[in-house]
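Enquirer: Below is the file start-v3.cif, which contains mmCIF, C-alpha atoms.
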data_run
loop_
_atom_site.label_atom_id
_atom_site.label_comp_id
_atom_site.auth_asym_id
_atom_site.auth_seq_id
_atom_site.Cartn_x
_atom_site.Cartn_y
_atom_site.Cartn_z
CA MET A 55 -17.27 12.24 18.18
CA SER A 56 -15.97 15.60 16.96
CA ASP A 57 -12.62 14.00 16.01
CA ARG A 58 -14.39 11.34 13.94
CA ARG A 59 -16.54 14.00 12.31
CA THR A 60 -13.39 15.91 11.36
CA GLN A 61 -11.81 12.75 9.94
CA PHE A 62 -14.78 12.19 7.67
CA ARG A 63 -14.79 15.81 6.53
CA ASP A 64 -11.06 15.70 5.82
CA LEU A 65 -11.35 12.52 3.78
CA ALA A 66 -14.30 13.98 1.86
CA GLU A 67 -12.15 16.93 0.81
CA TRP A 68 -9.22 14.69 -0.09
CA ALA A 69 -11.42 12.28 -2.09
CA ASP A 70 -13.08 14.97 -4.19
CA ASP A 71 -10.81 14.55 -7.19
CA SER A 72 -10.54 10.76 -7.25
CA SER A 73 -13.76 9.34 -5.76
CA PRO A 74 -16.97 11.35 -6.00
CA LEU A 75 -18.77 8.48 -4.26
CA TYR A 76 -16.55 8.45 -1.19
CA ALA A 77 -16.42 12.24 -1.06
CA HIS A 78 -20.24 12.31 -0.99
CA LEU A 79 -20.56 9.51 1.59
CA CYS A 80 -17.97 11.06 3.92
CA ARG A 81 -19.63 14.49 3.86
CA GLU A 82 -22.97 12.98 4.76
CA ALA A 83 -21.51 10.55 7.31
CA ALA A 84 -19.82 13.42 9.15
CA GLU A 85 -23.28 14.74 10.06
CA ASP A 86 -24.91 11.41 10.95
CA SER A 87 -24.68 10.33 14.60
CA ASP A 88 -25.60 6.69 13.88
CA ILE A 89 -22.83 6.27 11.34
CA LEU A 90 -20.34 8.05 13.61
CA ASP A 91 -21.36 5.68 16.41
CA ILE A 92 -20.57 2.65 14.26
CA ALA A 93 -17.26 4.24 13.25
CA ALA A 94 -16.42 4.63 16.94
CA THR A 95 -15.70 0.89 16.96
CA VAL A 96 -12.39 1.60 15.20
CA PRO A 97 -9.49 1.39 17.71
CA GLU A 98 -7.65 4.56 18.64
CA GLY A 99 -4.89 5.49 16.23
CA ARG A 100 -6.55 4.10 13.10
CA GLN A 101 -8.46 6.01 10.46
CA ALA A 102 -12.16 5.39 11.05
CA PRO A 103 -13.46 6.68 7.66
CA HIS A 104 -11.09 4.52 5.61
CA LEU A 105 -11.94 1.40 7.61
CA LEU A 106 -15.68 1.99 7.55
CA LEU A 107 -15.69 2.53 3.79
CA ALA A 108 -13.57 -0.58 3.26
CA ALA A 109 -15.78 -2.70 5.56
CA VAL A 110 -18.90 -1.63 3.68
CA HIS A 111 -17.19 -2.28 0.33
CA TYR A 112 -16.10 -5.73 1.56
CA LEU A 113 -19.59 -6.73 2.72
CA LEU A 114 -21.37 -5.13 -0.23
CA ALA A 115 -19.39 -7.33 -2.62
CA ARG A 116 -21.03 -10.24 -0.79
CA ASN A 117 -24.46 -8.59 -1.01
CA PRO A 118 -24.43 -7.20 -4.58
CA ASN A 119 -28.22 -7.09 -4.80
CA HIS A 120 -28.49 -4.34 -2.20
CA ARG A 121 -29.52 -0.99 -3.70
CA LEU A 122 -26.28 0.58 -2.47
CA ALA A 123 -24.35 -1.54 -5.02
CA GLU A 124 -25.87 0.57 -7.81
CA TYR A 125 -23.38 3.32 -6.88
CA TYR A 126 -20.24 1.13 -6.79
CA LEU A 127 -18.40 0.85 -10.10
CA SER A 128 -16.46 -2.08 -8.64
CA ILE A 129 -19.71 -4.04 -8.38
CA THR A 130 -22.13 -2.56 -10.92
CA GLN A 131 -21.15 -1.77 -14.51
CA GLY A 132 -22.24 1.75 -15.36
CA ALA A 133 -22.79 2.62 -11.70
CA ARG A 134 -24.95 5.61 -10.79
CA ASP A 135 -23.42 8.91 -9.76
CA PRO A 136 -24.04 9.90 -6.12
CA ASP A 137 -27.49 11.47 -5.74
CA GLU A 138 -30.06 12.13 -3.01
CA GLU A 139 -30.74 8.40 -2.65
CA CYS A 140 -27.09 7.39 -2.27
CA PHE A 141 -26.39 8.17 1.37
CA PRO A 142 -29.76 6.83 2.61
CA ALA A 143 -28.84 3.53 0.92
CA PHE A 144 -25.40 3.62 2.55
CA ARG A 145 -26.90 4.43 5.93
CA ALA A 146 -29.43 1.62 5.65
CA PHE A 147 -26.70 -0.84 4.68
CA CYS A 148 -24.56 0.17 7.65
CA LEU A 149 -27.42 -0.12 10.15
CA ASP A 150 -28.66 -3.41 8.72
CA HIS A 151 -25.15 -4.92 8.73
CA ALA A 152 -23.77 -3.26 11.85
CA ASP A 153 -23.15 -6.62 13.54
CA ASP A 154 -20.94 -7.64 10.62
CA ILE A 155 -19.26 -4.25 10.21
CA ARG A 156 -18.13 -3.79 13.81
CA PRO A 157 -15.85 -6.88 13.97
CA LEU A 158 -14.16 -5.76 10.76
CA LEU A 159 -13.58 -2.30 12.22
CA ARG A 160 -12.04 -3.81 15.35
CA THR A 161 -9.73 -6.30 13.65
CA ARG A 162 -8.89 -5.09 10.14
CA ARG A 163 -6.43 -2.41 9.08
CA THR A 164 -5.92 -0.22 6.02
CA GLN A 165 -3.18 -2.50 4.68
CA THR A 166 -3.29 -1.54 1.05
CA ASN A 167 -0.90 -3.08 -1.44
CA ALA A 168 -0.12 -0.32 -3.93
CA VAL A 169 1.27 -2.76 -6.49
CA ARG A 170 2.02 0.05 -8.93
CA ARG A 171 4.81 1.15 -6.58
CA SER A 172 6.71 -1.82 -7.98
CA ALA A 173 7.28 0.39 -11.02
CA VAL A 174 9.44 2.55 -8.73
CA LEU A 175 11.11 -0.41 -7.05
CA TYR A 176 12.09 -1.94 -10.39
CA PRO A 177 14.71 0.71 -11.30
CA ALA A 178 15.64 1.31 -7.64
CA ILE A 179 16.44 -2.35 -6.97
CA ALA A 180 18.14 -2.58 -10.35
CA GLN A 181 20.39 0.31 -9.27
CA VAL A 182 21.30 -1.47 -6.03
CA ALA A 183 21.84 -4.81 -7.80
CA ARG A 184 24.10 -3.10 -10.33
CA ALA A 185 26.38 -2.11 -7.44
CA ALA A 186 25.97 -5.15 -5.19
CA GLY A 187 24.97 -8.16 -7.31
CA PRO A 188 22.07 -10.59 -6.66
CA LEU A 189 20.14 -9.49 -3.59
CA ALA A 190 18.27 -10.86 -0.61
CA LEU A 191 15.16 -8.67 -0.27
CA VAL A 192 13.64 -7.79 3.11
CA GLU A 193 10.52 -5.62 3.07
CA LEU A 194 9.22 -3.83 6.15
CA GLY A 195 5.44 -3.56 6.44
CA PRO A 196 4.66 -5.51 3.25
CA SER A 197 1.00 -6.30 4.07
CA ALA A 198 0.41 -9.19 1.60
CA GLY A 199 3.91 -8.89 0.13
CA LEU A 200 2.86 -8.20 -3.45
CA ASN A 201 5.65 -5.66 -4.03
CA LEU A 202 8.17 -8.28 -2.93
CA LEU A 203 7.28 -9.99 -6.22
CA PHE A 204 8.27 -6.95 -8.32
CA ASP A 205 10.42 -9.12 -10.62
CA ARG A 206 7.41 -11.19 -11.67
CA TYR A 207 5.61 -8.30 -13.35
CA ARG A 208 5.90 -6.64 -16.75
CA TYR A 209 6.29 -2.84 -16.88
CA ASP A 210 5.45 -0.19 -19.43
CA TYR A 211 7.27 3.12 -18.96
CA ASP A 212 5.86 5.47 -21.59
CA GLY A 213 6.00 2.72 -24.20
CA ARG A 214 9.25 1.10 -23.05
CA VAL A 215 8.33 -2.41 -21.93
CA VAL A 216 10.65 -4.29 -19.57
CA GLY A 217 10.46 -6.89 -16.83
CA ASN A 218 9.01 -10.39 -16.84
CA SER A 219 7.75 -10.95 -20.37
CA ASP A 220 5.68 -13.94 -19.25
CA SER A 221 3.78 -12.02 -16.56
CA PRO A 222 -0.04 -11.94 -16.74
CA ILE A 223 -0.05 -8.24 -15.82
CA THR A 224 1.55 -5.08 -17.12
CA ILE A 225 2.11 -2.17 -14.74
CA GLY A 226 2.18 1.21 -16.41
CA SER A 227 4.06 4.20 -15.06
CA SER A 228 5.40 7.44 -16.49
CA VAL A 229 8.95 8.76 -16.15
CA ARG A 230 8.69 12.51 -15.63
CA ARG A 231 12.39 13.22 -15.23
CA GLY A 232 15.77 11.57 -15.51
CA ASP A 233 16.97 8.25 -16.89
CA PRO A 234 16.24 5.41 -14.44
CA PRO A 235 17.94 2.05 -15.02
CA LEU A 236 15.33 -0.12 -16.75
CA PRO A 237 17.00 -3.44 -17.63
CA GLU A 238 15.16 -5.64 -20.11
CA THR A 239 15.09 -8.48 -17.58
CA PRO A 240 14.60 -8.08 -13.81
CA PRO A 241 17.62 -8.01 -11.48
CA ALA A 242 18.45 -11.34 -9.85
CA ILE A 243 16.91 -11.97 -6.44
CA ARG A 244 18.40 -14.62 -4.15
CA SER A 245 15.61 -14.60 -1.58
CA ARG A 246 12.72 -12.45 -0.35
CA VAL A 247 10.94 -12.09 2.97
CA GLY A 248 8.53 -9.57 4.47
CA LEU A 249 8.14 -8.53 8.11
CA ASP A 250 4.74 -7.22 9.20
CA ARG A 251 2.79 -7.08 12.44
CA ASN A 252 -0.35 -8.24 10.63
CA PRO A 253 0.61 -9.91 7.35
CA LEU A 254 -2.17 -10.79 4.92
CA ASP A 255 -2.31 -14.24 3.31
CA VAL A 256 -2.83 -14.17 -0.47
CA THR A 257 -4.05 -17.76 -0.34
CA ASP A 258 -6.88 -16.79 2.04
CA GLU A 259 -10.10 -15.66 0.33
CA ALA A 260 -11.09 -13.23 3.09
CA ASP A 261 -7.68 -11.53 3.02
CA ARG A 262 -7.77 -11.25 -0.77
CA ASP A 263 -11.26 -9.75 -0.64
CA TRP A 264 -10.19 -7.29 2.04
CA LEU A 265 -7.32 -6.09 -0.17
CA ARG A 266 -9.81 -5.56 -3.01
CA ALA A 267 -12.17 -3.70 -0.68
CA LEU A 268 -9.41 -1.23 0.19
CA VAL A 269 -9.29 -0.10 -3.45
CA TRP A 270 -11.80 2.72 -3.96
CA PRO A 271 -14.70 1.77 -6.24
CA GLU A 272 -13.82 4.12 -9.12
CA HIS A 273 -10.15 3.05 -9.26
CA GLU A 274 -10.55 0.38 -11.92
CA GLU A 275 -6.92 0.33 -13.08
CA ARG A 276 -5.60 -0.14 -9.53
CA ARG A 277 -8.09 -2.96 -9.00
CA ALA A 278 -7.04 -4.69 -12.24
CA VAL A 279 -3.35 -4.49 -11.28
CA LEU A 280 -4.11 -5.80 -7.79
CA ASP A 281 -6.09 -8.74 -9.17
CA GLY A 282 -3.26 -9.61 -11.53
CA ALA A 283 -0.70 -9.47 -8.73
CA LEU A 284 -2.88 -11.67 -6.53
CA THR A 285 -3.02 -14.22 -9.35
CA VAL A 286 0.78 -14.18 -9.57
CA ALA A 287 1.20 -14.44 -5.80
CA ARG A 288 -1.20 -17.33 -5.29
CA ASP A 289 0.99 -19.61 -7.42
CA ASP A 290 4.06 -18.87 -5.28
CA PRO A 291 3.17 -16.82 -2.18
CA PRO A 292 5.80 -14.53 -0.67
CA ASP A 293 7.42 -15.55 2.60
CA LEU A 294 5.95 -13.29 5.29
CA ILE A 295 6.85 -13.21 8.98
CA GLU A 296 4.54 -11.84 11.64
CA GLY A 297 6.65 -9.59 13.82
CA ASP A 298 7.86 -6.16 14.82
CA MET A 299 10.23 -4.24 12.54
CA LEU A 300 12.53 -3.42 15.45
CA ASP A 301 12.32 -6.44 17.74
CA ASP A 302 12.28 -9.09 15.01
CA LEU A 303 14.32 -7.56 12.19
CA PRO A 304 17.75 -8.59 13.61
CA ALA A 305 16.69 -12.26 13.63
CA VAL A 306 15.43 -11.99 10.05
CA LEU A 307 18.76 -10.52 8.94
CA ASP A 308 20.69 -13.18 10.89
CA GLU A 309 18.98 -15.86 8.79
CA ILE A 310 20.63 -14.44 5.67
CA PRO A 311 24.29 -15.45 5.21
CA SER A 312 26.52 -12.52 6.07
CA ASP A 313 28.25 -12.49 2.68
CA ILE A 314 25.01 -12.08 0.69
CA PRO A 315 24.01 -8.48 -0.11
CA VAL A 316 20.76 -7.50 1.57
CA CYS A 317 18.34 -4.87 0.34
CA VAL A 318 15.89 -3.68 2.99
CA VAL A 319 12.86 -1.97 1.43
CA ASN A 320 10.06 0.17 2.78
CA THR A 321 8.02 2.39 0.50
CA LEU A 322 5.69 4.40 2.73
CA VAL A 323 5.17 2.50 5.97
CA LEU A 324 7.42 4.65 8.17
CA TYR A 325 5.18 7.72 8.03
CA GLN A 326 2.77 5.75 10.22
CA VAL A 327 5.24 5.27 13.08
CA SER A 328 6.78 7.62 15.62
CA ALA A 329 9.90 9.69 15.09
CA GLU A 330 11.53 7.74 17.92
CA LEU A 331 10.90 4.41 16.17
CA ASN A 332 12.24 5.86 12.91
CA GLU A 333 15.41 6.96 14.66
CA THR A 334 15.90 3.59 16.36
CA LEU A 335 15.36 1.71 13.09
CA THR A 336 17.85 3.98 11.33
CA THR A 337 20.46 3.31 14.02
CA LEU A 338 19.87 -0.46 13.79
CA LEU A 339 20.23 -0.58 10.01
CA GLU A 340 23.23 1.74 9.88
CA GLU A 341 25.00 -0.45 12.42
CA GLN A 342 24.24 -3.46 10.23
CA MET A 343 25.64 -1.62 7.18
CA ALA A 344 28.99 -1.33 8.93
CA GLU A 345 29.07 -5.08 9.53
CA ARG A 346 27.71 -6.59 6.31
CA PRO A 347 26.71 -5.62 2.74
CA LEU A 348 23.33 -4.04 3.47
CA HIS A 349 21.43 -1.49 1.38
CA TRP A 350 18.30 0.36 2.46
CA LEU A 351 15.67 1.73 0.09
CA THR A 352 13.45 3.88 2.26
CA GLY A 353 10.48 6.02 1.28
CA ARG A 354 9.28 9.14 3.05
CA ARG A 355 6.73 11.85 2.47
CA ASP A 356 7.89 14.92 0.56
CA LEU A 357 9.10 17.19 3.36
CA SER A 358 8.21 20.31 1.34
CA GLY A 359 4.53 19.48 1.69
CA GLY A 360 3.98 18.07 -1.80
CA GLU A 361 2.01 14.97 -2.70
CA SER A 362 4.96 12.86 -3.79
CA VAL A 363 7.08 10.32 -1.92
CA GLU A 364 10.87 10.49 -1.80
CA LEU A 365 12.92 7.29 -2.12
CA ASP A 366 16.44 7.26 -0.68
CA TRP A 367 19.20 4.68 -1.04
CA LYS A 368 21.39 4.29 2.05
CA ARG A 369 24.52 2.11 2.16
CA TRP A 370 28.01 1.96 3.66
CA SER A 371 30.64 3.84 1.68
CA GLY A 372 33.75 2.77 3.62
CA ASP A 373 33.95 5.77 5.92
CA GLY A 374 30.28 6.11 6.81
CA VAL A 375 26.74 5.88 5.54
CA LYS A 376 26.10 7.38 2.12
CA THR A 377 22.60 8.53 1.14
CA THR A 378 21.41 9.06 -2.44
CA HIS A 379 18.03 10.54 -3.23
CA LEU A 380 17.03 8.12 -5.99
CA ALA A 381 13.49 9.11 -6.93
CA ASP A 382 10.34 11.03 -6.24
CA TYR A 383 7.12 9.24 -7.06
CA GLU A 384 3.35 9.54 -6.93
CA PRO A 385 2.15 7.60 -3.85
CA HIS A 386 0.54 4.87 -5.95
CA GLY A 387 3.37 4.70 -8.50
CA ALA A 388 1.58 6.44 -11.40
CA TRP A 389 4.76 8.40 -12.18
CA LEU A 390 8.35 8.75 -11.01
CA SER A 391 11.12 11.30 -11.31
CA TRP A 392 14.64 9.84 -11.27
CA ARG A 393 17.04 12.07 -9.34
CA PRO A 394 20.68 10.85 -9.59
#
If you convert what's in this file into structure tokens, what do you get?
Expert:
Amino acid sequence: MSDRRTQFRDLAEWADDSSPLYAHLCREAAEDSDILDIAATVPEGRQAPHLLLAAVHYLLARNPNHRLAEYYLSITQGARDPDEECFPAFRAFCLDHADDIRPLLRTRRTQTNAVRRSAVLYPAIAQVARAAGPLALVELGPSAGLNLLFDRYRYDYDGRVVGNSDSPITIGSSVRRGDPPLPETPPAIRSRVGLDRNPLDVTDEADRDWLRALVWPEHEERRAVLDGALTVARDDPPDLIEGDMLDDLPAVLDEIPSDIPVCVVNTLVLYQVSAELNETLTTLLEEQMAERPLHWLTGRRDLSGGESVELDWKRWSGDGVKTTHLADYEPHGAWLSWRP
């Protein structure tokens, strides 16, 4: 129980700046044995606080008349700030709905789709396409695959609007440094497929609602972008394959004709896996680069301890693998710094 208590305290500290509600609930939950007991349902290796908050958010949207909803901006316009009545309402909701919460904690995952990261992928994929031509996209760990549809969105970079002019959503991002390639129209994509152990189906109401529940209540802009992307995806869902990124990736690549340039993409999924898996995946993809036109856009946490994510471009240069640090970006895509 001490580990779960620490997880809640850590998330409370991390949430202070962006979600006063979740910061308050996590601080109180860390000291409540009944809530910690419910959170114990979460399988080992997953983040109990994130899943519990998402499960409550998911169920509360189906029970909007509960007094707890008064504190959720995602449900109640002009929601109340956390006060002395907030956690008791949360606690009561959890205890009253424990039989519905526990199955969600056992089976669901924190599979967010940070659609705003597409604002980073747009120039990165444009850079690769400039060198290689029309691409076959393969995303690792895509969840619902919304970033695979990056070319179906409109983008606004500090007033410069590019992308799909007919898109129902506009994704805003700021360029802090450099001059990223921002073509007026999206780069050509031959095909797209995602590989995930637990892909989410954008045509399934429960999966869509779970994605919404993973967005923190105060994050209205993220929720609006997600809803727009879900609308786009429902008309033409991405092709997602349930499988392992090591065991099943070779078969996915074999389905793509060997003369078509492939761009493998992962934004932030690899920080969740072991160093051994990272090394094995790197070996697999570098071997493929020597045999076919394959490019790899891979994201990793800032090794200096900062909050940003680093995006590298790896490809075969004729005498070995060449790596270019393309960009640093805010984890949700709010800004990017172009490095080349």
Enquirer: Name the residues captured by the PyMOL selection byres ((chain A and resi 203-219) around 9) when it is applied to the shown file; answer as a PyMOL selection string.
Expert: chain A and resi 169+171-173+175-176+199-202+220-229+236-243+246+283+286-287+291-292+389
Enquirer: I need the residue nearest A:Leu268 from this list: A:Ser87, A:Asp293, A:Ala108, A:Trp370. Use only C-alpha atoms for the distance.
Expert: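 Using only C-alpha atoms, the shortest distance to A:Leu268 belongs to A:Ala108.
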Enquirer: Looking at A:Ala178, A:Ala185, A:Ile92, A:Val192, which one is nearest to A:Cys148, with distances taken over only C-alpha atoms?
Expert: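 Selected residue with least distance to A:Cys148: A:Ile92.
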Enquirer: Run through the PyMOL selection byres ((chain A and resi 95) around 12) on the given coordinates and return the selected residues as a PDB file with C-alpha atoms, keeping the file's coordinate frame.
Expert:
ATOM      1  CA  MET A  55     -17.270  12.240  18.180  1.00  0.00           C
ATOM      2  CA  ARG A  58     -14.390  11.340  13.940  1.00  0.00           C
ATOM      3  CA  ASP A  88     -25.600   6.690  13.880  1.00  0.00           C
ATOM      4  CA  ILE A  89     -22.830   6.270  11.340  1.00  0.00           C
ATOM      5  CA  LEU A  90     -20.340   8.050  13.610  1.00  0.00           C
ATOM      6  CA  ASP A  91     -21.360   5.680  16.410  1.00  0.00           C
ATOM      7  CA  ILE A  92     -20.570   2.650  14.260  1.00  0.00           C
ATOM      8  CA  ALA A  93     -17.260   4.240  13.250  1.00  0.00           C
ATOM      9  CA  ALA A  94     -16.420   4.630  16.940  1.00  0.00           C
ATOM     10  CA  VAL A  96     -12.390   1.600  15.200  1.00  0.00           C
ATOM     11  CA  PRO A  97      -9.490   1.390  17.710  1.00  0.00           C
ATOM     12  CA  GLU A  98      -7.650   4.560  18.640  1.00  0.00           C
ATOM     13  CA  GLY A  99      -4.890   5.490  16.230  1.00  0.00           C
ATOM     14  CA  ARG A 100      -6.550   4.100  13.100  1.00  0.00           C
ATOM     15  CA  GLN A 101      -8.460   6.010  10.460  1.00  0.00           C
ATOM     16  CA  ALA A 102     -12.160   5.390  11.050  1.00  0.00           C
ATOM     17  CA  PRO A 103     -13.460   6.680   7.660  1.00  0.00           C
ATOM     18  CA  LEU A 105     -11.940   1.400   7.610  1.00  0.00           C
ATOM     19  CA  LEU A 106     -15.680   1.990   7.550  1.00  0.00           C
ATOM     20  CA  ALA A 109     -15.780  -2.700   5.560  1.00  0.00           C
ATOM     21  CA  ALA A 152     -23.770  -3.260  11.850  1.00  0.00           C
ATOM     22  CA  ASP A 153     -23.150  -6.620  13.540  1.00  0.00           C
ATOM     23  CA  ASP A 154     -20.940  -7.640  10.620  1.00  0.00           C
ATOM     24  CA  ILE A 155     -19.260  -4.250  10.210  1.00  0.00           C
ATOM     25  CA  ARG A 156     -18.130  -3.790  13.810  1.00  0.00           C
ATOM     26  CA  PRO A 157     -15.850  -6.880  13.970  1.00  0.00           C
ATOM     27  CA  LEU A 158     -14.160  -5.760  10.760  1.00  0.00           C
ATOM     28  CA  LEU A 159     -13.580  -2.300  12.220  1.00  0.00           C
ATOM     29  CA  ARG A 160     -12.040  -3.810  15.350  1.00  0.00           C
ATOM     30  CA  THR A 161      -9.730  -6.300  13.650  1.00  0.00           C
ATOM     31  CA  ARG A 162      -8.890  -5.090  10.140  1.00  0.00           C
TER      32      ARG A 162
END
Enquirer: For this structure, which residues satisfy the selection - the PyMOL selection byres ((chain A and resi 379) around 7) - when it is evaluated on the file as given? I want them as a list in words.
Expert: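 Matching residues under the PyMOL selection byres ((chain A and resi 379) around 7) are Leu365, Asp366, Trp367, Thr377, Thr378, Leu380, Ala381, Arg393 and Pro394 of chain A.
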Enquirer: My list of candidates is A:Glu364, A:Ala143, A:His111, A:Tyr125. Which is closest to A:Glu82 when distances are computed with all atoms listed in the file?
Expert: A:Ala143
Enquirer: List the spatial neighbours of A:Val375 as a list in words - criterion: any atom at most 12 Å away, all atoms listed in the file, same-chain residues fewer than 2 positions off excluded.
Expert: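 With the cut-off at 12 Å, the set is Thr336, Thr337, Leu339, Glu340, Glu341, Gln342, Met343, Ala344, Glu345, Pro347, Leu348, His349, Trp350, Trp367, Lys368, Arg369, Trp370, Ser371, Gly372, Asp373, Thr377 and Thr378 of chain A.
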Enquirer: Using all atoms listed in the file, determine which residues lie at most 12 Å from A:Glu85, disregarding the query and same-chain residues fewer than 6 positions distant; provide the list as a list in words.
Expert: Met55, Ser56, Arg58, Arg59, Thr60, Gln61, Phe62, Arg63, His78, Leu79, Asp91, Phe141 and Arg145 of chain A
Enquirer: Can you work out the spacing between atom CA of A:Arg266 and atom CA of A:Asp302 in Å, to one decimal?
Expert: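 These atoms are spaced 28.7 Å apart.
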Enquirer: Kindly give the distance, in Å, that separates atom CA of A:Pro311 and atom CA of A:Leu254, rounded to a single decimal.
Expert: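 Answer for the atom CA of A:Pro311 to atom CA of A:Leu254 separation: 26.9 Å.
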Enquirer: Mind completing stretch 167-181 of chain A with N, CA and C atoms? Output as a PDB file, in the frame of the given file, please?
Expert:
ATOM      1  N   ASN A 167      -2.085  -2.698  -0.672  1.00  0.00           N
ATOM      2  CA  ASN A 167      -0.900  -3.080  -1.440  1.00  0.00           C
ATOM      3  C   ASN A 167      -0.921  -2.262  -2.719  1.00  0.00           C
ATOM      4  N   ALA A 168      -0.198  -1.162  -2.741  1.00  0.00           N
ATOM      5  CA  ALA A 168      -0.120  -0.320  -3.930  1.00  0.00           C
ATOM      6  C   ALA A 168       0.870  -0.961  -4.891  1.00  0.00           C
ATOM      7  N   VAL A 169       0.386  -1.941  -5.658  1.00  0.00           N
ATOM      8  CA  VAL A 169       1.270  -2.760  -6.490  1.00  0.00           C
ATOM      9  C   VAL A 169       2.007  -1.907  -7.521  1.00  0.00           C
ATOM     10  N   ARG A 170       1.391  -0.807  -7.929  1.00  0.00           N
ATOM     11  CA  ARG A 170       2.020   0.050  -8.930  1.00  0.00           C
ATOM     12  C   ARG A 170       3.333   0.649  -8.417  1.00  0.00           C
ATOM     13  N   ARG A 171       3.530   0.663  -7.097  1.00  0.00           N
ATOM     14  CA  ARG A 171       4.810   1.150  -6.580  1.00  0.00           C
ATOM     15  C   ARG A 171       5.971   0.257  -7.027  1.00  0.00           C
ATOM     16  N   SER A 172       5.654  -0.961  -7.452  1.00  0.00           N
ATOM     17  CA  SER A 172       6.710  -1.820  -7.980  1.00  0.00           C
ATOM     18  C   SER A 172       7.391  -1.189  -9.183  1.00  0.00           C
ATOM     19  N   ALA A 173       6.677  -0.302  -9.876  1.00  0.00           N
ATOM     20  CA  ALA A 173       7.280   0.390 -11.020  1.00  0.00           C
ATOM     21  C   ALA A 173       8.390   1.339 -10.571  1.00  0.00           C
ATOM     22  N   VAL A 174       8.368   1.739  -9.301  1.00  0.00           N
ATOM     23  CA  VAL A 174       9.440   2.550  -8.730  1.00  0.00           C
ATOM     24  C   VAL A 174      10.544   1.635  -8.193  1.00  0.00           C
ATOM     25  N   LEU A 175      10.134   0.527  -7.596  1.00  0.00           N
ATOM     26  CA  LEU A 175      11.110  -0.410  -7.050  1.00  0.00           C
ATOM     27  C   LEU A 175      11.943  -1.070  -8.139  1.00  0.00           C
ATOM     28  N   TYR A 176      11.351  -1.254  -9.317  1.00  0.00           N
ATOM     29  CA  TYR A 176      12.090  -1.940 -10.390  1.00  0.00           C
ATOM     30  C   TYR A 176      13.412  -1.232 -10.705  1.00  0.00           C
ATOM     31  N   PRO A 177      13.410   0.061 -11.041  1.00  0.00           N
ATOM     32  CA  PRO A 177      14.710   0.710 -11.300  1.00  0.00           C
ATOM     33  C   PRO A 177      15.539   0.892 -10.042  1.00  0.00           C
ATOM     34  N   ALA A 178      14.883   1.088  -8.877  1.00  0.00           N
ATOM     35  CA  ALA A 178      15.640   1.310  -7.640  1.00  0.00           C
ATOM     36  C   ALA A 178      16.422   0.050  -7.254  1.00  0.00           C
ATOM     37  N   ILE A 179      15.753  -1.093  -7.312  1.00  0.00           N
ATOM     38  CA  ILE A 179      16.440  -2.350  -6.970  1.00  0.00           C
ATOM     39  C   ILE A 179      17.460  -2.697  -8.038  1.00  0.00           C
ATOM     40  N   ALA A 180      17.158  -2.358  -9.286  1.00  0.00           N
ATOM     41  CA  ALA A 180      18.140  -2.580 -10.350  1.00  0.00           C
ATOM     42  C   ALA A 180      19.410  -1.763 -10.092  1.00  0.00           C
ATOM     43  N   GLN A 181      19.238  -0.537  -9.593  1.00  0.00           N
ATOM     44  CA  GLN A 181      20.390   0.310  -9.270  1.00  0.00           C
ATOM     45  C   GLN A 181      21.239  -0.323  -8.171  1.00  0.00           C
TER      46      GLN A 181
END
